[in-house]
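Novice: Structure in structure tokens, see below.
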Amino acid sequence: RQSQNTDDNGLLYEKRPSGKFPTGKKHIIAHGKPRTASTLLFNMVGVSNFLYLRHHEPELVSYIEAKYVKDARDFHDGAKTTKIFKAHIDLSKFLKYDAVIFTTATTSNEAAAIKSRLKEEGHDVA
């Protein structure tokens with residue numbers, strides 16, 4: 001288990017590997033069907049990651065790349081860049097990348113089914 005720390009305000013947080021999501025993944029993909037608040041999810045994940053980096057690893061903020069992708073070919077596992085992408089496409093194309101998946105659904109049953117399926121396919125799902 002990763003060590004726990006407190007920030008300057010006394011708030012508890014888990015230390016994560018430099019420039020990576022707490023699970024050890026470098027990139028983040030916000031995924032969902034159109035009209036399921038996937039843009040809101042993308043914005044929330046992006047801002048959360050930005051705020052975390054700004055407070056804990058400010059030197060990495062300038063290496064964030066955030067955008068909407070229509071094809072997995074748009075995703076290049078670049079050197080220093082941390083990618084936060086929004087996508088509506090099949091996630092099997094992203095399996096080879098070091099990414100954690102955030103996804104949307106319209107019901108709790110659909111969310112559980114999507115999470116289960118993605119994990120079975122080998123994705124790291126938040």
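Identifiers in this document derive from the order of the structure tokens: chains are assigned A, B, ..., residues are numbered from 1 separately in each chain, and ligands are numbered from 1 in order of occurrence.
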Write out as an NGL selection string each polymer residue whose atoms come within 12 Å of Thr36 of chain A, counting only C-alpha atoms; drop sequence neighbours fewer than 2 positions from it.
Specialist: :A and (30-34 or 38-42 or 88 or 103-107 or 110-111)
Novice: Set out as CSV a contact list for segment 38-104 of chain A and segment 112-123 of chain A with a cut-off of 8 Å, giving each residue of segment 38-104 of chain A that qualifies its closest atom pair and distance in Å to one decimal, counting only C-alpha atoms, ordered by chain and rising residue number.
Specialist:
residue,atom,partner,partner_atom,distance
A:Ser92,CA,A:Glu121,CA,7.6
A:Leu95,CA,A:His123,CA,6.4
A:Ala99,CA,A:His123,CA,8.0
A:Val100,CA,A:His123,CA,7.0
A:Ile101,CA,A:His123,CA,7.0
A:Thr103,CA,A:Lys115,CA,8.0
Novice: With all heavy atoms retained, could you export that selection as a short mmCIF file (atom, residue, chain, number, x, y, z; two decimals), in the first residue's frame?
Specialist:
data_model
loop_
_atom_site.label_atom_id
_atom_site.label_comp_id
_atom_site.auth_asym_id
_atom_site.auth_seq_id
_atom_site.Cartn_x
_atom_site.Cartn_y
_atom_site.Cartn_z
N SER A 92 -11.02 -0.83 -26.42
CA SER A 92 -10.04 -1.91 -26.63
C SER A 92 -8.78 -1.37 -27.31
O SER A 92 -7.69 -1.91 -27.12
CB SER A 92 -10.65 -3.05 -27.45
OG SER A 92 -10.98 -2.60 -28.75
N LEU A 95 -5.97 -0.36 -24.70
CA LEU A 95 -5.40 -1.32 -23.77
C LEU A 95 -3.88 -1.25 -23.68
O LEU A 95 -3.31 -1.49 -22.63
CB LEU A 95 -5.82 -2.76 -24.13
CG LEU A 95 -7.12 -3.22 -23.50
CD1 LEU A 95 -7.55 -4.56 -24.07
CD2 LEU A 95 -7.02 -3.28 -21.99
N ALA A 99 -3.08 3.80 -19.06
CA ALA A 99 -4.19 4.72 -18.77
C ALA A 99 -5.20 4.11 -17.81
O ALA A 99 -5.43 2.91 -17.79
CB ALA A 99 -4.89 5.09 -20.07
N VAL A 100 -5.81 5.00 -17.02
CA VAL A 100 -6.93 4.63 -16.18
C VAL A 100 -8.19 5.18 -16.85
O VAL A 100 -8.16 6.26 -17.45
CB VAL A 100 -6.77 5.16 -14.73
CG1 VAL A 100 -6.74 6.66 -14.69
CG2 VAL A 100 -7.87 4.63 -13.82
N ILE A 101 -9.29 4.44 -16.76
CA ILE A 101 -10.54 4.80 -17.43
C ILE A 101 -11.56 5.32 -16.41
O ILE A 101 -11.82 4.67 -15.40
CB ILE A 101 -11.16 3.58 -18.16
CG1 ILE A 101 -10.16 2.90 -19.08
CG2 ILE A 101 -12.44 3.98 -18.88
CD1 ILE A 101 -9.68 3.71 -20.23
N THR A 103 -15.57 6.38 -16.59
CA THR A 103 -16.66 6.20 -17.55
C THR A 103 -17.99 6.68 -16.97
O THR A 103 -18.14 6.79 -15.76
CB THR A 103 -16.75 4.73 -18.01
OG1 THR A 103 -17.69 4.63 -19.08
CG2 THR A 103 -17.12 3.81 -16.89
#
Novice: Residues at most 12 Å from Arg73 of chain A, counting only C-alpha atoms, excluding those fewer than 6 positions away in the same chain, as a list in words?
Specialist: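 In the requested form, the answer reads Ala87, Ile89, Lys93, Phe94, Lys96 and Tyr97 of chain A.
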Novice: So how far away is atom CA of Phe85 of chain A from atom CA of His27 of chain A, in Å?
Specialist: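 Between atom CA of His27 of chain A and atom CA of Phe85 of chain A the gap works out to 8.2 Å.
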Novice: What gap, in Å, lies between atom CA of Val47 of chain A and atom CA of Val69 of chain A?
Specialist: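 We find that atom CA of Val47 of chain A and atom CA of Val69 of chain A lie 18.1 Å from each other.
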Novice: Enumerate as a list in words all residues of segment 39-71 of chain A assigned to strand (DSSP E or B) by DSSP on the backbone, naming them with the chain letters and numbers the document uses.
Specialist: Ile64, Glu65, Ala66, Lys67, Tyr68 and Val69 of chain A
Novice: What gap, in Å, lies between atom CA of Lys80 of chain A and atom CA of Glu65 of chain A?
Specialist: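 So the answer is 10.2 Å.
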Novice: Run DSSP on the backbone and tell me which residues of segment 15-120 of chain A come out as helix (DSSP H, G or I); list them as number ranges by chain.
Specialist: A: 38-56, 58-63, 72-74, 91-94, 108-120
Novice: Export N, CA and C atoms of the chosen residues as a CSV table (one decimal), in the first residue's frame?
Specialist:
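Output contents, as saved in selection_20.csv:
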chain,number,residue,atom,x,y,z
A,38,SER,N,-20.4,12.8,-20.2
A,38,SER,CA,-19.0,12.5,-20.4
A,38,SER,C,-18.1,13.8,-20.5
A,39,THR,N,-18.7,14.9,-21.0
A,39,THR,CA,-17.9,16.1,-21.0
A,39,THR,C,-17.7,16.7,-19.6
A,40,LEU,N,-18.7,16.6,-18.8
A,40,LEU,CA,-18.6,17.0,-17.4
A,40,LEU,C,-17.6,16.1,-16.7
A,41,LEU,N,-17.7,14.8,-16.9
A,41,LEU,CA,-16.7,13.9,-16.3
A,41,LEU,C,-15.3,14.3,-16.7
A,42,PHE,N,-15.1,14.5,-18.0
A,42,PHE,CA,-13.8,14.9,-18.5
A,42,PHE,C,-13.2,16.2,-17.9
A,43,ASN,N,-14.1,17.2,-17.7
A,43,ASN,CA,-13.7,18.4,-17.1
A,43,ASN,C,-13.4,18.2,-15.6
A,44,MET,N,-14.2,17.4,-14.9
A,44,MET,CA,-13.9,17.2,-13.5
A,44,MET,C,-12.6,16.4,-13.2
A,45,VAL,N,-12.4,15.4,-14.0
A,45,VAL,CA,-11.2,14.6,-13.9
A,45,VAL,C,-10.0,15.5,-14.2
A,46,GLY,N,-10.1,16.3,-15.3
A,46,GLY,CA,-9.0,17.1,-15.7
A,46,GLY,C,-8.6,18.2,-14.7
A,47,VAL,N,-9.6,18.8,-14.1
A,47,VAL,CA,-9.4,19.9,-13.1
A,47,VAL,C,-8.9,19.2,-11.8
A,48,SER,N,-9.4,18.1,-11.4
A,48,SER,CA,-8.9,17.4,-10.2
A,48,SER,C,-7.4,17.0,-10.4
A,49,ASN,N,-7.1,16.5,-11.5
A,49,ASN,CA,-5.7,16.1,-11.7
A,49,ASN,C,-4.8,17.4,-11.8
A,50,PHE,N,-5.3,18.4,-12.4
A,50,PHE,CA,-4.5,19.7,-12.5
A,50,PHE,C,-4.3,20.2,-11.1
A,51,LEU,N,-5.3,20.2,-10.3
A,51,LEU,CA,-5.2,20.8,-8.9
A,51,LEU,C,-4.2,19.9,-8.1
A,52,TYR,N,-4.3,18.6,-8.2
A,52,TYR,CA,-3.4,17.7,-7.5
A,52,TYR,C,-2.0,18.0,-7.9
A,53,LEU,N,-1.7,18.1,-9.2
A,53,LEU,CA,-0.3,18.3,-9.7
A,53,LEU,C,0.1,19.7,-9.3
A,54,ARG,N,-0.7,20.7,-9.4
A,54,ARG,CA,-0.3,22.1,-9.0
A,54,ARG,C,0.1,22.2,-7.6
A,55,HIS,N,-0.5,21.4,-6.7
A,55,HIS,CA,-0.2,21.5,-5.3
A,55,HIS,C,1.0,20.6,-4.9
A,56,HIS,N,1.0,19.4,-5.5
A,56,HIS,CA,2.0,18.4,-5.1
A,56,HIS,C,3.2,18.2,-6.1
A,58,PRO,N,4.1,20.7,-9.0
A,58,PRO,CA,3.8,21.8,-10.0
A,58,PRO,C,4.7,21.7,-11.2
A,59,GLU,N,5.8,21.1,-11.2
A,59,GLU,CA,6.7,21.1,-12.3
A,59,GLU,C,6.1,20.2,-13.5
A,60,LEU,N,5.1,19.4,-13.2
A,60,LEU,CA,4.5,18.5,-14.2
A,60,LEU,C,3.2,19.2,-14.8
A,61,VAL,N,2.8,20.3,-14.3
A,61,VAL,CA,1.5,20.9,-14.8
A,61,VAL,C,1.7,21.3,-16.3
A,62,SER,N,2.8,21.7,-16.7
A,62,SER,CA,3.0,22.2,-18.1
A,62,SER,C,3.0,21.0,-19.1
A,63,TYR,N,3.1,19.7,-18.5
A,63,TYR,CA,3.1,18.5,-19.4
A,63,TYR,C,1.7,17.9,-19.5
A,72,ALA,N,-8.2,6.2,-31.6
A,72,ALA,CA,-7.1,5.8,-30.8
A,72,ALA,C,-5.8,6.2,-31.4
A,73,ARG,N,-5.7,6.4,-32.7
A,73,ARG,CA,-4.5,6.9,-33.3
A,73,ARG,C,-4.1,8.3,-32.8
A,74,ASP,N,-5.1,9.0,-32.3
A,74,ASP,CA,-4.8,10.4,-31.8
A,74,ASP,C,-4.0,10.3,-30.5
A,91,LEU,N,-12.9,1.2,-26.3
A,91,LEU,CA,-11.7,1.3,-25.5
A,91,LEU,C,-10.7,0.2,-25.7
A,92,SER,N,-11.0,-0.8,-26.4
A,92,SER,CA,-10.0,-1.9,-26.6
A,92,SER,C,-8.8,-1.4,-27.3
A,93,LYS,N,-8.9,-0.3,-28.1
A,93,LYS,CA,-7.8,0.3,-28.8
A,93,LYS,C,-6.8,0.9,-27.8
A,94,PHE,N,-7.3,1.2,-26.5
A,94,PHE,CA,-6.4,1.9,-25.5
A,94,PHE,C,-5.7,0.9,-24.6
A,108,SER,N,-27.3,3.0,-12.4
A,108,SER,CA,-26.3,2.3,-11.5
A,108,SER,C,-26.0,0.9,-12.1
A,109,ASN,N,-27.1,0.3,-12.6
A,109,ASN,CA,-26.9,-1.1,-13.2
A,109,ASN,C,-26.0,-1.0,-14.4
A,110,GLU,N,-26.2,0.0,-15.2
A,110,GLU,CA,-25.4,0.1,-16.4
A,110,GLU,C,-23.9,0.4,-16.0
A,111,ALA,N,-23.7,1.3,-15.0
A,111,ALA,CA,-22.4,1.6,-14.5
A,111,ALA,C,-21.7,0.4,-14.0
A,112,ALA,N,-22.3,-0.5,-13.2
A,112,ALA,CA,-21.7,-1.7,-12.7
A,112,ALA,C,-21.4,-2.6,-13.9
A,113,ALA,N,-22.2,-2.8,-14.8
A,113,ALA,CA,-22.0,-3.6,-16.0
A,113,ALA,C,-20.8,-3.1,-16.8
A,114,ILE,N,-20.7,-1.8,-17.0
A,114,ILE,CA,-19.6,-1.3,-17.8
A,114,ILE,C,-18.3,-1.5,-17.1
A,115,LYS,N,-18.3,-1.2,-15.8
A,115,LYS,CA,-17.1,-1.3,-15.0
A,115,LYS,C,-16.6,-2.8,-15.0
A,116,SER,N,-17.5,-3.7,-14.8
A,116,SER,CA,-17.2,-5.1,-14.8
A,116,SER,C,-16.6,-5.5,-16.2
A,117,ARG,N,-17.2,-5.1,-17.2
A,117,ARG,CA,-16.8,-5.5,-18.6
A,117,ARG,C,-15.4,-4.9,-18.9
A,118,LEU,N,-15.2,-3.6,-18.5
A,118,LEU,CA,-13.9,-3.0,-18.8
A,118,LEU,C,-12.8,-3.7,-18.0
A,119,LYS,N,-13.1,-4.0,-16.7
A,119,LYS,CA,-12.1,-4.8,-15.9
A,119,LYS,C,-11.8,-6.1,-16.5
A,120,GLU,N,-12.8,-6.8,-17.0
A,120,GLU,CA,-12.6,-8.1,-17.6
A,120,GLU,C,-11.7,-8.0,-18.9
